[in-house]
Amino acid sequence: MRTVALETTHTTGTIALLNDRQVVTDLSLPPDRRSAQTLLSSLRSALDQSGWTAQQIDLVAVACGPGSFTGLRVGVTAAKTLAYAVQAALVGVNTLRAMAAAAPPKFQTVWPAIDAQRQRVFTARFARRDDQLTEIQPTVVWSFDEWLAQLEPGDAVSGSILDRLEKRIPGAVSVVDRSLWLPRAAWVGRLAIGDFTAGHREDIWQFAPHYYQKSAAEEKLNPRPPADP
């Protein structure tokens with residue numbers, strides 16, 4: 001099975017091509033590749049370099065959130081366009097899950113975290129059981145302090161937000177190597193293949209990014225009500 005995977009939730013996106021679970025191409029996109037049109041142009045180049053045609057694609061995988069609102073829209077739009085054009089199956093993968101999957105197997109519980117702006121993080125907790133990732137804390141938006149308070153001895157943490165928070169991580173908590181902090185399309189693809197094999201696929205017409213919070217503009221228009229005294 002030939003899979004195209006897209007990850008655009010961070011400033012630098014990635015594209016991966018996988019033949020079954022073997023990564024054929026794994027490339028980073030320059031930061032200015034922030035539109036569906038330029039992303040698809042880069043994808044065409046990747047297909048050409050690998051000797052694939054678009055019609056050979058069986059599965060399109062995409063990181064569907066959380067992450068940059070603009071990046072999510074770009075990635076999901078490109079994935080839906082491609083899947084529709086070549087009549088491929090479509091599978092979305094939680095960005096935090098892809099980050100957790102990249103952590104070395106020695107870490108049994110992992111908290112990946114993504115900057116949610118305004119001193120907050122998107123985060124979730126994953127456990128490894130029988131070589132499978134199990135979500136034991138669903139994706140939430142927490143303040144820095146709320147997240148740090150949840151970390152337990154033996155946990156591991158990952159994500160570029162650690163550039164700001166690493167000194168506050170408790171000593172009994174491990175920090176995943178910096179080279180694995182960012183989500184990568186290769187892991188999005190591997191996870192999507194597993195989900196697809198298990199029978200999961202998206203409805204291309206209903207599929208949309210999972211933002212997990214309102215944009216700053218939406219919050220200004222619809223501010224939260226004040227807390228009860």
# chains A, B, ... in the order shown; residues from 1 in each chain; ligands from 1
$ select_by_dssp --residues "range 42-134 of chain A" --states "helix (DSSP H, G or I)" --output "number ranges by chain"
A: 42-50, 54-56, 69-86, 95-102
$ residues_around --residues "Gln137 in chain A" --least-positions-apart "3" --cutoff "12 Å" --atoms "only C-alpha atoms" --output "mmCIF file with N, CA and C atoms, in the first residue's frame"
data_model
loop_
_atom_site.group_PDB
_atom_site.id
_atom_site.type_symbol
_atom_site.label_atom_id
_atom_site.label_comp_id
_atom_site.auth_asym_id
_atom_site.auth_seq_id
_atom_site.Cartn_x
_atom_site.Cartn_y
_atom_site.Cartn_z
ATOM 1 N N LEU A 96 -0.538 15.146 18.568
ATOM 2 C CA LEU A 96 0.133 14.732 19.796
ATOM 3 C C LEU A 96 0.432 13.235 19.785
ATOM 4 N N ARG A 97 -0.467 12.468 19.211
ATOM 5 C CA ARG A 97 -0.245 11.020 19.098
ATOM 6 C C ARG A 97 0.981 10.730 18.237
ATOM 7 N N THR A 109 5.290 6.150 29.422
ATOM 8 C CA THR A 109 4.221 7.155 29.418
ATOM 9 C C THR A 109 4.809 8.475 28.927
ATOM 10 N N VAL A 110 4.133 9.085 27.975
ATOM 11 C CA VAL A 110 4.653 10.284 27.314
ATOM 12 C C VAL A 110 3.590 11.370 27.299
ATOM 13 N N TRP A 111 4.016 12.580 27.653
ATOM 14 C CA TRP A 111 3.183 13.782 27.542
ATOM 15 C C TRP A 111 3.767 14.664 26.437
ATOM 16 N N PRO A 112 3.338 14.565 25.193
ATOM 17 C CA PRO A 112 3.734 15.558 24.197
ATOM 18 C C PRO A 112 2.962 16.854 24.448
ATOM 19 N N PHE A 122 -1.396 22.617 24.377
ATOM 20 C CA PHE A 122 -2.199 21.453 24.011
ATOM 21 C C PHE A 122 -1.405 20.246 24.502
ATOM 22 N N THR A 123 -2.046 19.331 25.172
ATOM 23 C CA THR A 123 -1.320 18.166 25.643
ATOM 24 C C THR A 123 -2.242 16.967 25.780
ATOM 25 N N ALA A 124 -1.646 15.804 25.872
ATOM 26 C CA ALA A 124 -2.355 14.547 26.121
ATOM 27 C C ALA A 124 -1.325 13.585 26.698
ATOM 28 N N ARG A 125 -1.812 12.543 27.345
ATOM 29 C CA ARG A 125 -0.889 11.546 27.922
ATOM 30 C C ARG A 125 -1.115 10.201 27.243
ATOM 31 N N PHE A 126 -0.023 9.567 26.844
ATOM 32 C CA PHE A 126 -0.085 8.285 26.146
ATOM 33 C C PHE A 126 0.750 7.256 26.894
ATOM 34 N N ALA A 127 0.256 6.019 26.915
ATOM 35 C CA ALA A 127 0.993 4.905 27.508
ATOM 36 C C ALA A 127 1.268 3.859 26.437
ATOM 37 N N LEU A 133 0.195 2.422 21.344
ATOM 38 C CA LEU A 133 -0.026 3.652 22.105
ATOM 39 C C LEU A 133 -1.476 3.730 22.543
ATOM 40 N N THR A 134 -1.683 3.937 23.828
ATOM 41 C CA THR A 134 -3.031 4.099 24.358
ATOM 42 C C THR A 134 -3.155 5.492 24.956
ATOM 43 N N VAL A 140 -6.228 18.079 25.757
ATOM 44 C CA VAL A 140 -6.789 19.197 26.515
ATOM 45 C C VAL A 140 -5.941 20.439 26.259
ATOM 46 N N VAL A 141 -6.474 21.583 26.665
ATOM 47 C CA VAL A 141 -5.708 22.829 26.686
ATOM 48 C C VAL A 141 -5.552 23.223 28.148
ATOM 49 N N TRP A 147 -0.399 21.893 33.483
ATOM 50 C CA TRP A 147 0.283 20.759 32.855
ATOM 51 C C TRP A 147 1.420 20.244 33.724
ATOM 52 N N GLN A 150 0.572 17.939 36.541
ATOM 53 C CA GLN A 150 0.099 16.592 36.213
ATOM 54 C C GLN A 150 1.240 15.598 35.978
ATOM 55 N N LEU A 151 2.448 16.089 35.802
ATOM 56 C CA LEU A 151 3.570 15.209 35.480
ATOM 57 C C LEU A 151 3.943 14.353 36.683
#
$ select_by_dssp --residues "chain A" --states "strand (DSSP E)" --output "VMD selection string"
chain A and resid 2 to 7 14 to 19 22 to 28 59 to 63 89 to 93 109 to 117 120 to 129 132 to 143 156 to 158 174 to 175
$ closest_residue --among "A:Val91, A:Leu39, A:Leu6, A:Ala54" --to "Ala198 in chain A" --atoms "only C-alpha atoms"
A:Val91
$ residues_around --residues "Ala46 in chain A" --least-positions-apart "5" --cutoff "9 Å" --atoms "only C-alpha atoms" --output "PyMOL selection string"
chain A and resi 15-17+25-27+41+51-52
$ write_last_selection --atoms "N, CA and C atoms" --output "CSV table (one decimal), in the first residue's frame"
chain,number,residue,atom,x,y,z
A,15,ILE,N,6.5,16.2,4.6
A,15,ILE,CA,5.8,15.3,3.7
A,15,ILE,C,6.6,13.9,3.8
A,16,ALA,N,5.8,12.8,3.8
A,16,ALA,CA,6.5,11.5,3.8
A,16,ALA,C,5.7,10.6,2.8
A,17,LEU,N,6.4,9.8,2.1
A,17,LEU,CA,5.8,8.8,1.3
A,17,LEU,C,6.2,7.4,1.9
A,25,THR,N,10.3,8.4,1.3
A,25,THR,CA,10.7,9.8,1.3
A,25,THR,C,10.2,10.5,2.5
A,26,ASP,N,11.1,11.3,3.1
A,26,ASP,CA,10.7,12.1,4.3
A,26,ASP,C,11.4,13.5,4.2
A,27,LEU,N,10.7,14.5,3.8
A,27,LEU,CA,11.3,15.8,3.6
A,27,LEU,C,10.6,16.9,4.3
A,41,SER,N,2.5,21.4,-4.6
A,41,SER,CA,3.6,21.5,-5.6
A,41,SER,C,4.8,20.7,-5.1
A,51,GLY,N,9.5,8.3,-8.1
A,51,GLY,CA,9.0,7.5,-9.2
A,51,GLY,C,7.6,7.0,-9.1
A,52,TRP,N,6.8,7.7,-8.2
A,52,TRP,CA,5.4,7.4,-8.0
A,52,TRP,C,4.6,8.3,-8.9
$ closest_residue --among "A:Ala61, A:Ile114, A:Val24, A:Leu165" --to "Ala100 in chain A" --atoms "only C-alpha atoms"
A:Ile114
$ closest_atom_pairs --of "range 30-87 of chain A" --to "range 172-193 of chain A" --cutoff "9 Å" --atoms "only C-alpha atoms" --output "JSON lines"
{"residue": "A:Leu59", "atom": "CA", "partner": "A:Ile193", "partner_atom": "CA", "distance": 7.9}
{"residue": "A:Val60", "atom": "CA", "partner": "A:Gly189", "partner_atom": "CA", "distance": 8.1}
{"residue": "A:Ala61", "atom": "CA", "partner": "A:Gly189", "partner_atom": "CA", "distance": 5.6}
{"residue": "A:Val62", "atom": "CA", "partner": "A:Val188", "partner_atom": "CA", "distance": 6.5}
{"residue": "A:Ala63", "atom": "CA", "partner": "A:Val188", "partner_atom": "CA", "distance": 6.3}
$ residues_around --residues "Ala78 in chain A" --least-positions-apart "4" --cutoff "10 Å" --atoms "only C-alpha atoms" --output "list in words"
Leu6, Ser35, Ala36, Gln37, Thr38, Leu39, Leu40, Leu43, Val60, Val62, Leu72, Arg73, Val74, Leu82, Ala83 and Tyr84 of chain A
$ residues_around --residues "Arg164 in chain A" --least-positions-apart "5" --cutoff "12 Å" --atoms "only C-alpha atoms" --output "compact mmCIF listing (two decimals) with C-alpha atoms, in the first residue's frame"
# COMPACT_ATOMS: atom_id res chain seq x y z
CA ALA A 113 2.90 19.26 24.35
CA ILE A 114 2.33 21.99 21.76
CA ASP A 115 2.26 25.74 22.36
CA GLN A 119 0.86 30.57 28.53
CA ARG A 120 -1.04 27.39 27.62
CA VAL A 121 -0.32 24.05 25.99
CA PHE A 144 1.64 25.79 31.92
CA GLY A 159 7.63 19.17 22.25
CA ILE A 169 10.27 19.95 34.44
$ closest_residue --among "A:His200, A:Gln117, A:Lys167, A:Val4" --to "Lys80 in chain A" --atoms "only C-alpha atoms"
A:Val4
$ atom_distance --atom1 "CA of Gln56 in chain A" --atom2 "CA of Arg2 in chain A"
6.9 Å
$ closest_residue --among "A:Ser160, A:Thr9, A:Thr3, A:Ser42" --to "Val23 in chain A" --atoms "only C-alpha atoms"
A:Thr3
$ decode --residues "range 130-155 of chain A" --atoms "N, CA and C atoms" --output "short mmCIF file (atom, residue, chain, number, x, y, z; two decimals), in the first residue's frame"
data_model
loop_
_atom_site.label_atom_id
_atom_site.label_comp_id
_atom_site.auth_asym_id
_atom_site.auth_seq_id
_atom_site.Cartn_x
_atom_site.Cartn_y
_atom_site.Cartn_z
N ASP A 130 1.96 -3.27 25.03
CA ASP A 130 2.09 -4.26 23.96
C ASP A 130 2.42 -3.59 22.62
N ASP A 131 3.36 -2.66 22.67
CA ASP A 131 3.82 -1.95 21.47
C ASP A 131 2.74 -1.09 20.83
N GLN A 132 1.68 -0.81 21.57
CA GLN A 132 0.61 0.05 21.08
C GLN A 132 0.51 1.29 21.96
N LEU A 133 0.19 2.42 21.34
CA LEU A 133 -0.03 3.65 22.10
C LEU A 133 -1.48 3.73 22.54
N THR A 134 -1.68 3.94 23.83
CA THR A 134 -3.03 4.10 24.36
C THR A 134 -3.15 5.49 24.96
N GLU A 135 -4.17 6.22 24.56
CA GLU A 135 -4.40 7.56 25.10
C GLU A 135 -5.05 7.43 26.47
N ILE A 136 -4.38 7.91 27.51
CA ILE A 136 -4.95 7.82 28.86
C ILE A 136 -5.35 9.19 29.41
N GLN A 137 -4.97 10.24 28.75
CA GLN A 137 -5.48 11.58 29.02
C GLN A 137 -5.78 12.21 27.67
N PRO A 138 -7.06 12.37 27.33
CA PRO A 138 -7.40 12.95 26.02
C PRO A 138 -6.84 14.37 25.87
N THR A 139 -6.76 14.81 24.65
CA THR A 139 -6.23 16.14 24.35
C THR A 139 -6.98 17.23 25.09
N VAL A 140 -6.23 18.08 25.76
CA VAL A 140 -6.79 19.20 26.52
C VAL A 140 -5.94 20.44 26.26
N VAL A 141 -6.47 21.58 26.67
CA VAL A 141 -5.71 22.83 26.69
C VAL A 141 -5.55 23.22 28.15
N TRP A 142 -4.33 23.23 28.64
CA TRP A 142 -4.04 23.56 30.03
C TRP A 142 -3.05 24.71 30.10
N SER A 143 -3.10 25.43 31.21
CA SER A 143 -2.06 26.42 31.48
C SER A 143 -0.75 25.68 31.74
N PHE A 144 0.35 26.41 31.62
CA PHE A 144 1.64 25.79 31.92
C PHE A 144 1.62 25.14 33.30
N ASP A 145 1.13 25.86 34.30
CA ASP A 145 1.12 25.34 35.66
C ASP A 145 0.26 24.10 35.79
N GLU A 146 -0.90 24.10 35.13
CA GLU A 146 -1.78 22.92 35.19
C GLU A 146 -1.08 21.70 34.60
N TRP A 147 -0.40 21.89 33.48
CA TRP A 147 0.28 20.76 32.85
C TRP A 147 1.42 20.24 33.72
N LEU A 148 2.25 21.14 34.21
CA LEU A 148 3.39 20.73 35.02
C LEU A 148 2.95 19.99 36.28
N ALA A 149 1.79 20.37 36.82
CA ALA A 149 1.29 19.73 38.04
C ALA A 149 0.85 18.29 37.79
N GLN A 150 0.57 17.94 36.54
CA GLN A 150 0.10 16.59 36.21
C GLN A 150 1.24 15.60 35.98
N LEU A 151 2.45 16.09 35.80
CA LEU A 151 3.57 15.21 35.48
C LEU A 151 3.94 14.35 36.68
N GLU A 152 4.15 13.06 36.43
CA GLU A 152 4.47 12.11 37.49
C GLU A 152 5.85 11.50 37.27
N PRO A 153 6.49 11.03 38.35
CA PRO A 153 7.78 10.35 38.18
C PRO A 153 7.67 9.19 37.18
N GLY A 154 8.61 9.11 36.27
CA GLY A 154 8.59 8.07 35.25
C GLY A 154 7.98 8.52 33.94
N ASP A 155 7.24 9.63 33.95
CA ASP A 155 6.70 10.18 32.71
C ASP A 155 7.84 10.75 31.86
#
